[in-house]
Amino acid sequence: MDINLSQTFITVDDHEKALGFYRDALGLEVRKDVGLQDMRWVTVGSPAQPDVSVVLESPLADPGASEADRQAVVDLMRKGLLRAAIFGTGDCDAAFERIAASGAEVLREPADQPYGVRECAFLDPAGNQIVLQQPLS
């Protein structure tokens with residue numbers, strides 16, 4: 001069986017702020033920007049991985065969700081309790097400097113971890129945790 005990751009979703013509460021982080025700070029390319037009524041999906045991805053996309057969606061993206069459920073997602077995001085994504089990088093320290101210089105909220109500065117990576121972490125503007133990892137040689 002051949003199974004590959006194609007898309008993953010991250011919930012954001014402001015697409016323009018999210019683009020400032022994912023496109024401008026992380027360097028992902030915008031692949032699609034689709035709106036329908038009050039909903040919007042922005043698809044971004046690494047130029048090095050054309051077959052893998054991250055869809056930035058609002059809490060309103062599921063029309064079947066109740067208002068209470070939508071608010072619960074927003075509350076969890078604002079607390080930073082939703083884990084979002086781990087990105088690989090060839091130079092954790094350089095990536096950290098570039099992203100930190102953008103004004104992104106730093107959770108952890110680069111440090112070697114006992115599980116074989118050097119990593120750092122940020123919160124995106126919606127409160128999602130974004131981790132960057134570099135394999136240790």
# chains A, B, ... in the order shown; residues from 1 in each chain; ligands from 1
$ closest_atom_pairs --of "region 106-137 of chain A" --to "region 87-100 of chain A" --cutoff "8 Å" --atoms "only C-alpha atoms" --output "Markdown table"
| residue | atom | partner | partner_atom | distance |
| --- | --- | --- | --- | --- |
| A:Val106 | CA | A:Ala100 | CA | 6.7 |
| A:Glu109 | CA | A:Phe96 | CA | 7.4 |
| A:Pro110 | CA | A:Asp93 | CA | 6.2 |
| A:Arg118 | CA | A:Cys92 | CA | 6.7 |
| A:Glu119 | CA | A:Cys92 | CA | 6.4 |
| A:Cys120 | CA | A:Phe96 | CA | 6.9 |
| A:Ile130 | CA | A:Phe87 | CA | 7.6 |
| A:Val131 | CA | A:Phe87 | CA | 6.1 |
| A:Leu132 | CA | A:Phe87 | CA | 4.8 |
| A:Gln133 | CA | A:Gly88 | CA | 4.9 |
| A:Gln134 | CA | A:Thr89 | CA | 5.2 |
| A:Pro135 | CA | A:Gly90 | CA | 7.8 |
$ atom_distance --atom1 "CA of Val52 (chain A)" --atom2 "CA of Val34 (chain A)"
17.5 Å
$ atom_distance --atom1 "CA of Arg78 (chain A)" --atom2 "CA of Ala126 (chain A)"
6.3 Å
$ closest_residue --among "A:Gln49, A:Ile10, A:Phe21, A:Leu36" --to "Pro63 (chain A)" --atoms "only C-alpha atoms"
A:Leu36
$ closest_residue --among "A:Lys17, A:Val55, A:Val12, A:Leu107" --to "Lys32 (chain A)" --atoms "only C-alpha atoms"
A:Val55
$ atom_distance --atom1 "CA of Asp2 (chain A)" --atom2 "CA of Arg31 (chain A)"
24.6 Å
$ select_by_dssp --residues "region 31-110 of chain A" --states "helix (DSSP H, G or I)" --output "list of chain:residue names"
A:Pro59, A:Leu60, A:Ala61, A:Glu67, A:Ala68, A:Asp69, A:Arg70, A:Gln71, A:Ala72, A:Val73, A:Val74, A:Asp75, A:Leu76, A:Met77, A:Arg78, A:Cys92, A:Asp93, A:Ala94, A:Ala95, A:Phe96, A:Glu97, A:Arg98, A:Ile99, A:Ala100, A:Ala101
$ write_last_selection --atoms "C-alpha atoms" --output "mmCIF file, in the first residue's frame"
data_model
loop_
_atom_site.group_PDB
_atom_site.id
_atom_site.type_symbol
_atom_site.label_atom_id
_atom_site.label_comp_id
_atom_site.auth_asym_id
_atom_site.auth_seq_id
_atom_site.Cartn_x
_atom_site.Cartn_y
_atom_site.Cartn_z
ATOM 1 C CA PRO A 59 -13.140 27.941 12.739
ATOM 2 C CA LEU A 60 -16.148 28.600 10.490
ATOM 3 C CA ALA A 61 -14.936 26.105 7.867
ATOM 4 C CA GLU A 67 -21.532 28.237 17.468
ATOM 5 C CA ALA A 68 -20.477 26.764 20.835
ATOM 6 C CA ASP A 69 -18.081 24.359 19.084
ATOM 7 C CA ARG A 70 -16.597 27.159 16.990
ATOM 8 C CA GLN A 71 -16.081 29.278 20.078
ATOM 9 C CA ALA A 72 -14.456 26.345 21.883
ATOM 10 C CA VAL A 73 -11.910 26.023 19.044
ATOM 11 C CA VAL A 74 -11.182 29.764 19.159
ATOM 12 C CA ASP A 75 -10.721 29.607 22.945
ATOM 13 C CA LEU A 76 -8.292 26.671 22.678
ATOM 14 C CA MET A 77 -6.324 28.453 19.933
ATOM 15 C CA ARG A 78 -5.998 31.614 21.996
ATOM 16 C CA CYS A 92 17.421 25.595 12.860
ATOM 17 C CA ASP A 93 19.409 28.569 14.121
ATOM 18 C CA ALA A 94 19.131 30.571 10.885
ATOM 19 C CA ALA A 95 15.413 29.773 10.604
ATOM 20 C CA PHE A 96 14.930 30.833 14.221
ATOM 21 C CA GLU A 97 16.660 34.174 13.629
ATOM 22 C CA ARG A 98 14.583 34.902 10.505
ATOM 23 C CA ILE A 99 11.264 33.973 12.120
ATOM 24 C CA ALA A 100 12.023 35.721 15.429
ATOM 25 C CA ALA A 101 12.978 38.868 13.496
#
$ residues_around --residues "Gly27 (chain A)" --least-positions-apart "6" --cutoff "9 Å" --atoms "only C-alpha atoms" --output "ChimeraX atom specification"
/A:21,45-47
$ write_last_selection --atoms "all heavy atoms" --output "mmCIF file, in the first residue's frame"
data_model
loop_
_atom_site.group_PDB
_atom_site.id
_atom_site.type_symbol
_atom_site.label_atom_id
_atom_site.label_comp_id
_atom_site.auth_asym_id
_atom_site.auth_seq_id
_atom_site.Cartn_x
_atom_site.Cartn_y
_atom_site.Cartn_z
ATOM 1 N N PHE A 21 2.713 35.177 8.803
ATOM 2 C CA PHE A 21 3.561 34.198 9.482
ATOM 3 C C PHE A 21 3.990 33.081 8.524
ATOM 4 O O PHE A 21 5.180 32.846 8.324
ATOM 5 C CB PHE A 21 2.829 33.602 10.690
ATOM 6 C CG PHE A 21 3.631 32.579 11.437
ATOM 7 C CD1 PHE A 21 4.614 32.972 12.331
ATOM 8 C CD2 PHE A 21 3.418 31.231 11.242
ATOM 9 C CE1 PHE A 21 5.372 32.034 13.026
ATOM 10 C CE2 PHE A 21 4.170 30.280 11.926
ATOM 11 C CZ PHE A 21 5.152 30.679 12.820
ATOM 12 N N GLY A 45 2.468 25.888 1.119
ATOM 13 C CA GLY A 45 3.344 24.731 1.161
ATOM 14 C C GLY A 45 4.771 25.120 0.848
ATOM 15 O O GLY A 45 5.049 26.213 0.359
ATOM 16 N N SER A 46 5.664 24.206 1.129
ATOM 17 C CA SER A 46 7.083 24.405 0.862
ATOM 18 C C SER A 46 7.360 24.142 -0.613
ATOM 19 O O SER A 46 6.912 23.129 -1.151
ATOM 20 C CB SER A 46 7.914 23.439 1.714
ATOM 21 O OG SER A 46 9.257 23.445 1.277
ATOM 22 N N PRO A 47 8.114 25.025 -1.264
ATOM 23 C CA PRO A 47 8.500 24.758 -2.645
ATOM 24 C C PRO A 47 9.243 23.424 -2.791
ATOM 25 O O PRO A 47 9.185 22.799 -3.845
ATOM 26 C CB PRO A 47 9.416 25.935 -3.006
ATOM 27 C CG PRO A 47 9.043 27.023 -2.064
ATOM 28 C CD PRO A 47 8.619 26.324 -0.796
#
$ select_by_dssp --residues "chain A" --states "strand (DSSP E or B)" --output "PyMOL selection string"
chain A and resi 7-11+29-36+39-45+53-57+83-88+105-112+117-123+129-135
$ closest_residue --among "A:Ala104, A:Ala84, A:Val30, A:Ala48" --to "Phe122 (chain A)" --atoms "only C-alpha atoms"
A:Ala104
$ residues_around --residues "Ser58 (chain A)" --least-positions-apart "6" --cutoff "8 Å" --atoms "only C-alpha atoms" --output "ChimeraX atom specification"
/A:11-15,39-41
$ write_last_selection --atoms "N, CA and C atoms" --output "short mmCIF file (atom, residue, chain, number, x, y, z; two decimals), in the first residue's frame"
data_model
loop_
_atom_site.label_atom_id
_atom_site.label_comp_id
_atom_site.auth_asym_id
_atom_site.auth_seq_id
_atom_site.Cartn_x
_atom_site.Cartn_y
_atom_site.Cartn_z
N THR A 11 -6.12 25.54 11.93
CA THR A 11 -7.18 26.52 12.13
C THR A 11 -6.57 27.87 12.52
N VAL A 12 -6.99 28.90 11.80
CA VAL A 12 -6.51 30.26 12.07
C VAL A 12 -7.71 31.19 12.20
N ASP A 13 -7.55 32.27 12.94
CA ASP A 13 -8.67 33.19 13.12
C ASP A 13 -8.53 34.47 12.31
N ASP A 14 -7.40 34.65 11.64
CA ASP A 14 -7.19 35.83 10.79
C ASP A 14 -6.23 35.41 9.68
N HIS A 15 -6.77 35.25 8.47
CA HIS A 15 -5.95 34.77 7.37
C HIS A 15 -4.82 35.72 6.99
N MET A 39 -16.51 31.87 4.68
CA MET A 39 -15.39 30.97 4.91
C MET A 39 -14.25 31.29 3.94
N ARG A 40 -13.04 30.94 4.35
CA ARG A 40 -11.87 31.13 3.51
C ARG A 40 -10.86 30.03 3.82
N TRP A 41 -10.26 29.49 2.77
CA TRP A 41 -9.21 28.50 2.89
C TRP A 41 -8.01 29.02 2.11
#
$ closest_residue --among "A:Leu82, A:Leu5, A:Leu28, A:Ala111" --to "Thr43 (chain A)" --atoms "only C-alpha atoms"
A:Leu28
$ closest_residue --among "A:Leu81, A:Met1, A:Val54, A:Leu136" --to "Leu19 (chain A)" --atoms "only C-alpha atoms"
A:Val54
$ closest_residue --among "A:Gly127, A:Leu56, A:Asp51, A:Ser137" --to "Asn4 (chain A)" --atoms "only C-alpha atoms"
A:Asp51
